[in-house]
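A short worksheet on the structure shown next.
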Amino acid sequence: MIIKVLLTVIFLAVMIGVGVYTRKQASSVDGFVLGGRAVGPWLTAFAFGTSYFSAVVFVGYAGQFGWKYGLSSTWIGVGNAVIGSLLAWLLLGRRTKLMTQHIESRTMPDFFGTRFASQGLRVAASIIAFVFLIPYTAGVYKGISTLFEMGFNIPYEYCVIIMAILTAVYVILGGYKATAMNDFIQGIIMLFGIVAVIVAVLHAQGGLTAAVGKLAQLPADADPSVNGGFASWFGPDPWGLLGVVILTSLGTMGLPQMVGKFYSITDEAAIRRGTVISTIFAFIVAGGCYFLGGFGRLYEPVVADGKIAYDSIVPAMLITLPDVLIALVVLLVLSASMSTLASLVLTSSSTMTLDLIYRDKKSLPGEVEEGAIDDIVAEKVEQRKVVVMRVLIVFFIAISLLIALNPPTFIAQLMGISWGALAGAFLAPFMLGLYWRGVTTGAVWACFVWGVGLTVVNMLAGNPINPINCGAIAMLGGFPVTWLASLVTPKLNRDLVNRIFECYR
């Protein structure tokens with residue numbers, strides 16, 4: 001216990017120390033939200049990866065999908081690396097950096113408002129982002145607290161509250177730069193931690209060959225007479241597995257907290273290096289998490305009311321490890337979760353401040369700015385915005401904390417609802433808006449209605465479609481919805497669109 005407490009205290013002290021160290025760089029809006037658009041490839045790549053993978057993945061997804069699909073759940077991690085990281089950086093990195101800098105966009109809702117010349121889109125996108133980031137945040141709290149409860153025997157409620165306070169402190173102090181620097185430190189811990197835990201778990205099962213052999217002897221849920229499905233290449237349910245791969249991989253390209261990382265990177269050379277770093281990180285962390293979860297059936301989960309508590313599977317695997325490794329696991333999950341929480345609360349507070357409370361009218365390149373204010377007044381307005389963002393960070397954390405103290409469902413379902421609505425609404429219009437001049441304002445509205453509508457209707461109807469599959473359908477369906485609506489709705493002013501796309505010349 002002394003080792004676990006000491007390592008955790010040192011870790012948390014470093015996190016707060018980084019917040020204090022970077023506080024001077026968080027005095028302006030660009031500094032607080034984007035790190036001055038001068039964050040290097042290593043910090044950006046690790047910020048992308050650590051925001052991507054949290055306790056939701058390590059505890060919730062790895063446990064639930066490892067139980068359902070066995071070793072084939074490793075494909076989810078491979079999909080996360082290839083689609084969610086490599087493809088996301090290749091398709092979005094350069095174009096997002098250039099266009100958002102060109103139109104002076106600081107948030108995803110701001111991008112929609114400026115790119116498609118609609119303040120209504122900006123407001124709607126900010127409300128969607130704020131509302132649907134909350135269940136994801138609650139899921140992160142729940143996952144990290146489950147592990148903390150296992151490692152320290154501290155009641156769940158205390159764990160949630162402590163994590164919320166500590167995350168708020170360093171984000172409020174240092175903004176995005178503090179988050180990025182801490183993400184780098186946390187990412188290093190995650191890389192070493194996941195490798196050490198996999199080695200220890202396999203060793204406890206007699207090695208890789210013995211563990212796979214034990215899985216191969218287990219009967220399938222659907223047909224108890226068939227053995228070996230959980231040790232096969234594509235598992236007992238390949239189509240269900242594909243839905244999870246799509247949701248968890250494609251979704252990153254439509255999430256405000258993920259896409260925002262491309263706004264802040266320094267230049268195109270940094271984007272190329274960041275692409276490689278981020279992909280390798282995802283292969284190790286995501287692939288490792290799901291590979292580990294694939295052995296979950298070799299352990300006894302908690303069964304409540306006749307149902308398996310999926311969020312208890314990974315803790316059941318780890319509780320047998322030596323104390324030093326349990327301390328490392330706690331730091332691993334703490335690192336993954338605090339980085340994701342920091343990204344979520346920063347995204348939500350900046351979106352609410354810049355896109356709802358202060359909706360500045362920007363001039364596009366080539367336009368004459370009207371009603372310019374002097375530098376002193378502008379500086380005071382900037383400072384006021386930073387103060388409002390810091391207050392909203394506390395507000396956002398408090399709301400998600402209330403949900404986390406009484407979570408309505410499994411972690412995986414919380415994430416499915418959040419990612420399905422956000423990426424279902426944002427992915428298609430954002431990606432197509434970077435490449436195609438023909439996307440219309442009406443098409444973006446149509447995709448917003450599609451993504452949010454499908455998710456909410458499915459949820460209110462009692463989830464006749466599994467939230468995971470519903471999220472995947474919402475994301476993929478957004479592309480034909482946006483394309484078809486663009487063909488039948490009024491076109492944007494051609495000169496406006498041409499001025500926006502000049503950034504790629």
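Chain labels A, B, ... are given in the sequence in which chains occur in the structure tokens; within each chain residues are numbered consecutively from 1, and ligands are likewise numbered from 1 in the order shown.
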Exercise. Near Ser348 (chain A), within 9 Å and counting only C-alpha atoms, which residues show up once chain neighbours fewer than 6 positions away are dropped, as a list in words?
Worked result: Ser126, Ala129, Phe130, Val131, Leu133, Ile134, Pro256, Gln257, Met389, Leu392, Ile393 and Phe396 of chain A
For this session: Enumerate, as a list in words, the complete set of residues in region 135-336 of chain A that a backbone-based DSSP assignment places in strand (DSSP E or B).
Result: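 Residues of region 135-336 of chain A classed as strand (DSSP E or B): Pro219, Asn227, Ile265, Val303, Ala304, Lys307 and Ile308 of chain A.
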For this session: Skip Val169 (chain A) itself and residues of its chain fewer than 2 positions away, then list as a PyMOL selection string all residues within 10 Å of it, counting only C-alpha atoms.
Result: chain A and resi 15-16+19-20+164-167+171-175+342+390+393-394
Output all heavy atoms for every residue in the selection just made, as a tab-separated table (two decimals), in the first residue's frame.
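New file part37.tsv:
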chain	number	residue	atom	x	y	z
A	15	MET	N	1.64	16.21	-12.15
A	15	MET	CA	0.56	16.76	-12.96
A	15	MET	C	0.25	18.21	-12.55
A	15	MET	O	0.13	19.10	-13.40
A	15	MET	CB	-0.72	15.92	-12.81
A	15	MET	CG	-0.62	14.47	-13.25
A	15	MET	SD	-0.19	14.23	-14.98
A	15	MET	CE	1.55	13.77	-14.85
A	16	ILE	N	0.13	18.42	-11.26
A	16	ILE	CA	-0.16	19.77	-10.77
A	16	ILE	C	1.02	20.71	-11.06
A	16	ILE	O	0.85	21.87	-11.43
A	16	ILE	CB	-0.47	19.75	-9.25
A	16	ILE	CG1	-1.66	18.84	-8.96
A	16	ILE	CG2	-0.74	21.17	-8.74
A	16	ILE	CD1	-2.94	19.22	-9.64
A	19	GLY	N	0.91	22.01	-14.49
A	19	GLY	CA	-0.10	23.07	-14.58
A	19	GLY	C	0.42	24.40	-14.11
A	19	GLY	O	0.20	25.45	-14.75
A	20	VAL	N	1.15	24.39	-12.99
A	20	VAL	CA	1.74	25.63	-12.47
A	20	VAL	C	2.80	26.17	-13.44
A	20	VAL	O	2.87	27.37	-13.71
A	20	VAL	CB	2.37	25.37	-11.08
A	20	VAL	CG1	3.13	26.61	-10.59
A	20	VAL	CG2	1.29	24.99	-10.07
A	164	ALA	N	-11.87	14.22	-10.15
A	164	ALA	CA	-12.47	15.41	-10.75
A	164	ALA	C	-11.74	16.67	-10.29
A	164	ALA	O	-11.43	17.56	-11.10
A	164	ALA	CB	-13.95	15.49	-10.36
A	165	ILE	N	-11.46	16.76	-9.01
A	165	ILE	CA	-10.79	17.95	-8.47
A	165	ILE	C	-9.39	18.11	-9.05
A	165	ILE	O	-8.99	19.20	-9.48
A	165	ILE	CB	-10.74	17.89	-6.92
A	165	ILE	CG1	-12.16	17.99	-6.35
A	165	ILE	CG2	-9.85	19.00	-6.37
A	165	ILE	CD1	-12.23	17.73	-4.86
A	166	LEU	N	-8.62	17.01	-9.07
A	166	LEU	CA	-7.24	17.09	-9.54
A	166	LEU	C	-7.16	17.45	-11.02
A	166	LEU	O	-6.32	18.24	-11.44
A	166	LEU	CB	-6.53	15.76	-9.28
A	166	LEU	CG	-6.27	15.44	-7.80
A	166	LEU	CD1	-5.78	14.01	-7.64
A	166	LEU	CD2	-5.26	16.42	-7.22
A	167	THR	N	-8.05	16.86	-11.83
A	167	THR	CA	-8.07	17.19	-13.25
A	167	THR	C	-8.41	18.66	-13.46
A	167	THR	O	-7.78	19.35	-14.26
A	167	THR	CB	-9.08	16.31	-14.01
A	167	THR	OG1	-8.79	14.93	-13.76
A	167	THR	CG2	-9.01	16.57	-15.50
A	171	VAL	N	-5.93	21.61	-15.44
A	171	VAL	CA	-6.46	22.18	-16.68
A	171	VAL	C	-6.75	23.67	-16.50
A	171	VAL	O	-6.44	24.48	-17.37
A	171	VAL	CB	-7.74	21.44	-17.13
A	171	VAL	CG1	-8.32	22.08	-18.38
A	171	VAL	CG2	-7.45	19.98	-17.39
A	172	ILE	N	-7.33	24.04	-15.37
A	172	ILE	CA	-7.63	25.45	-15.10
A	172	ILE	C	-6.34	26.27	-15.04
A	172	ILE	O	-6.26	27.39	-15.55
A	172	ILE	CB	-8.43	25.59	-13.79
A	172	ILE	CG1	-9.86	25.08	-14.01
A	172	ILE	CG2	-8.46	27.04	-13.31
A	172	ILE	CD1	-10.68	24.98	-12.74
A	173	LEU	N	-5.29	25.70	-14.46
A	173	LEU	CA	-4.03	26.42	-14.34
A	173	LEU	C	-3.35	26.63	-15.69
A	173	LEU	O	-2.99	27.76	-16.04
A	173	LEU	CB	-3.07	25.66	-13.40
A	173	LEU	CG	-3.31	25.78	-11.91
A	173	LEU	CD1	-2.38	24.83	-11.16
A	173	LEU	CD2	-3.09	27.21	-11.44
A	174	GLY	N	-3.17	25.54	-16.44
A	174	GLY	CA	-2.30	25.62	-17.62
A	174	GLY	C	-2.96	25.47	-18.97
A	174	GLY	O	-2.28	25.59	-20.00
A	175	GLY	N	-4.26	25.17	-19.02
A	175	GLY	CA	-4.94	25.05	-20.30
A	175	GLY	C	-4.38	23.93	-21.17
A	175	GLY	O	-3.93	22.89	-20.66
A	342	ALA	N	-9.14	15.72	-19.15
A	342	ALA	CA	-8.64	17.07	-19.40
A	342	ALA	C	-9.04	17.54	-20.79
A	342	ALA	O	-9.47	18.69	-20.97
A	342	ALA	CB	-7.12	17.08	-19.25
A	390	ARG	N	-12.57	28.91	-17.57
A	390	ARG	CA	-12.15	28.24	-16.33
A	390	ARG	C	-13.36	27.96	-15.43
A	390	ARG	O	-13.44	26.90	-14.80
A	390	ARG	CB	-11.13	29.11	-15.61
A	390	ARG	CG	-9.76	29.06	-16.27
A	390	ARG	CD	-8.77	30.02	-15.65
A	390	ARG	NE	-7.40	29.67	-16.06
A	390	ARG	CZ	-6.45	30.56	-16.31
A	390	ARG	NH1	-6.70	31.86	-16.18
A	390	ARG	NH2	-5.24	30.16	-16.66
A	393	ILE	N	-15.25	25.00	-16.89
A	393	ILE	CA	-14.58	23.73	-16.63
A	393	ILE	C	-15.12	23.12	-15.33
A	393	ILE	O	-15.43	21.93	-15.25
A	393	ILE	CB	-13.05	23.92	-16.55
A	393	ILE	CG1	-12.48	24.11	-17.95
A	393	ILE	CG2	-12.37	22.73	-15.87
A	393	ILE	CD1	-11.02	24.48	-17.99
A	394	VAL	N	-15.24	23.96	-14.31
A	394	VAL	CA	-15.78	23.50	-13.03
A	394	VAL	C	-17.23	23.04	-13.21
A	394	VAL	O	-17.64	21.99	-12.69
A	394	VAL	CB	-15.70	24.62	-11.98
A	394	VAL	CG1	-16.35	24.18	-10.67
A	394	VAL	CG2	-14.25	25.03	-11.74
For this session: Would you list the contacts of region 79-94 of chain A as a list in words, taking every protein, DNA or RNA residue within 7 Å and counting only C-alpha atoms, but skipping same-chain residues closer than 6 positions in sequence?
Result: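 After dropping sequence-adjacent residues, the list is Val245, Thr248, Ser249, Leu250, Thr252, Met253, Phe262, Glu268, Ile271, Thr275, Ser278, Thr279, Ala282, Phe283 and Ala286 of chain A.
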For this session: Name all residues at most 9 Å from Gly478 (chain A) (count only C-alpha atoms; drop same-chain ones fewer than 5 positions away) and give them as a list of chain:residue names.
Result: A:Ala423, A:Gly424, A:Ala425, A:Phe426, A:Leu427, A:Ala428, A:Pro429, A:Ala446, A:Cys447, A:Phe448, A:Trp450, A:Gly451, A:Ile473, A:Trp483
Problem set entry | d(CA of Gly294 (chain A), CA of Lys68 (chain A)) in Å |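 These two atoms are separated by 8.5 Å.
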For this session: Write out as a list in words the residues lying within 8 Å of Val439 (chain A), counting only C-alpha atoms and excluding same-chain residues fewer than 6 positions away.
Result: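 The contact residues come out as Pro429, Leu432, Gly433, Thr482, Trp483, Ser486 and Lys491 of chain A.
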Restricted to all heavy atoms, what would the selected residues look like written as a JSON list (two decimals), in the first residue's frame?
[["chain", "number", "residue", "atom", "x", "y", "z"],
["A", 429, "PRO", "N", -19.93, 16.01, -42.34],
["A", 429, "PRO", "CA", -19.80, 17.40, -42.80],
["A", 429, "PRO", "C", -18.43, 18.00, -42.55],
["A", 429, "PRO", "O", -17.96, 18.83, -43.33],
["A", 429, "PRO", "CB", -20.89, 18.15, -42.03],
["A", 429, "PRO", "CG", -21.24, 17.28, -40.88],
["A", 429, "PRO", "CD", -20.99, 15.88, -41.33],
["A", 432, "LEU", "N", -15.97, 16.12, -45.24],
["A", 432, "LEU", "CA", -16.31, 16.56, -46.60],
["A", 432, "LEU", "C", -16.09, 18.06, -46.77],
["A", 432, "LEU", "O", -15.72, 18.53, -47.84],
["A", 432, "LEU", "CB", -17.76, 16.19, -46.91],
["A", 432, "LEU", "CG", -18.07, 14.69, -47.02],
["A", 432, "LEU", "CD1", -19.55, 14.45, -47.22],
["A", 432, "LEU", "CD2", -17.28, 14.06, -48.16],
["A", 433, "GLY", "N", -16.30, 18.81, -45.68],
["A", 433, "GLY", "CA", -16.10, 20.26, -45.75],
["A", 433, "GLY", "C", -14.66, 20.65, -45.96],
["A", 433, "GLY", "O", -14.37, 21.74, -46.46],
["A", 482, "THR", "N", -25.24, 13.71, -46.07],
["A", 482, "THR", "CA", -24.62, 15.00, -46.41],
["A", 482, "THR", "C", -24.52, 15.18, -47.92],
["A", 482, "THR", "O", -24.79, 16.26, -48.44],
["A", 482, "THR", "CB", -23.22, 15.09, -45.77],
["A", 482, "THR", "OG1", -23.32, 14.88, -44.36],
["A", 482, "THR", "CG2", -22.58, 16.44, -46.03],
["A", 483, "TRP", "N", -24.13, 14.11, -48.61],
["A", 483, "TRP", "CA", -23.98, 14.20, -50.06],
["A", 483, "TRP", "C", -25.32, 14.47, -50.76],
["A", 483, "TRP", "O", -25.43, 15.38, -51.59],
["A", 483, "TRP", "CB", -23.36, 12.91, -50.59],
["A", 483, "TRP", "CG", -23.23, 12.88, -52.09],
["A", 483, "TRP", "CD1", -22.41, 13.64, -52.87],
["A", 483, "TRP", "CD2", -23.99, 12.06, -53.00],
["A", 483, "TRP", "NE1", -22.59, 13.34, -54.19],
["A", 483, "TRP", "CE2", -23.54, 12.38, -54.31],
["A", 483, "TRP", "CE3", -24.97, 11.09, -52.83],
["A", 483, "TRP", "CZ2", -24.07, 11.74, -55.43],
["A", 483, "TRP", "CZ3", -25.49, 10.46, -53.95],
["A", 483, "TRP", "CH2", -25.05, 10.78, -55.23],
["A", 486, "SER", "N", -26.68, 17.91, -50.05],
["A", 486, "SER", "CA", -25.92, 18.96, -50.76],
["A", 486, "SER", "C", -26.38, 19.13, -52.20],
["A", 486, "SER", "O", -26.23, 20.20, -52.79],
["A", 486, "SER", "CB", -24.42, 18.63, -50.73],
["A", 486, "SER", "OG", -23.91, 18.66, -49.43],
["A", 491, "LYS", "N", -26.79, 26.39, -52.72],
["A", 491, "LYS", "CA", -25.34, 26.40, -52.66],
["A", 491, "LYS", "C", -24.81, 27.61, -51.90],
["A", 491, "LYS", "O", -25.47, 28.66, -51.83],
["A", 491, "LYS", "CB", -24.74, 26.40, -54.08],
["A", 491, "LYS", "CG", -25.25, 25.30, -54.98],
["A", 491, "LYS", "CD", -24.94, 23.92, -54.44],
["A", 491, "LYS", "CE", -25.47, 22.82, -55.36],
["A", 491, "LYS", "NZ", -25.29, 21.48, -54.77]]
For this session: Within 7 Å of Thr74 (chain A), counting only C-alpha atoms, which residues show up once you throw out same-chain ones fewer than 6 positions away? Write them as JSON, numbers by chain, please.
Result: {"A": [287, 290, 291]}
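With CA of Ile357 (chain A) on one side and CA of Gly442 (chain A) on the other, the separation reads 24.1 Å.
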Exercise. Which one is closest to Gln119 (chain A): A:Asp355, A:Asp183, A:Asp305, A:Glu300? Count only C-alpha atoms.
Worked result: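 Nearest to Gln119 (chain A): A:Asp355.
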Exercise. Which residue, A:Val386, A:Ile198, A:Ala443, A:Leu247, has the smallest gap to Leu325 (chain A) when you use only C-alpha atoms?
Worked result: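 Looking at the shortest contact to Leu325 (chain A), the residue is A:Ile198.
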Exercise. Interatomic distance between CA of Glu382 (chain A) and CA of Ser264 (chain A)?
Worked result: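 It comes out at 18.1 Å.
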For this session: Taking the chain letters and numbering used in this document, name the residues of region 140-328 of chain A that DSSP puts in alpha helix (DSSP H), as a count of residues only.
Result: 131
Exercise. Of the candidates A:Ile277, A:Leu454, A:Leu318, A:Val345, which shows the shortest atom-to-atom distance to Val330 (chain A), using only C-alpha atoms?
Worked result: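 Among the listed residues, the smallest separation from Val330 (chain A) belongs to A:Leu318.
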Exercise. Nearest to Leu298 (chain A): which of A:Leu332, A:Leu434, A:Val197, A:Leu218 is it, counting only C-alpha atoms?
Worked result: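 Answer, going by the shortest atom-to-atom distance: A:Leu218.
Closest to Ile246 (chain A) among A:Tyr435, A:Tyr170, A:Trp419, A:Tyr504 is A:Trp419, based on only C-alpha atoms.
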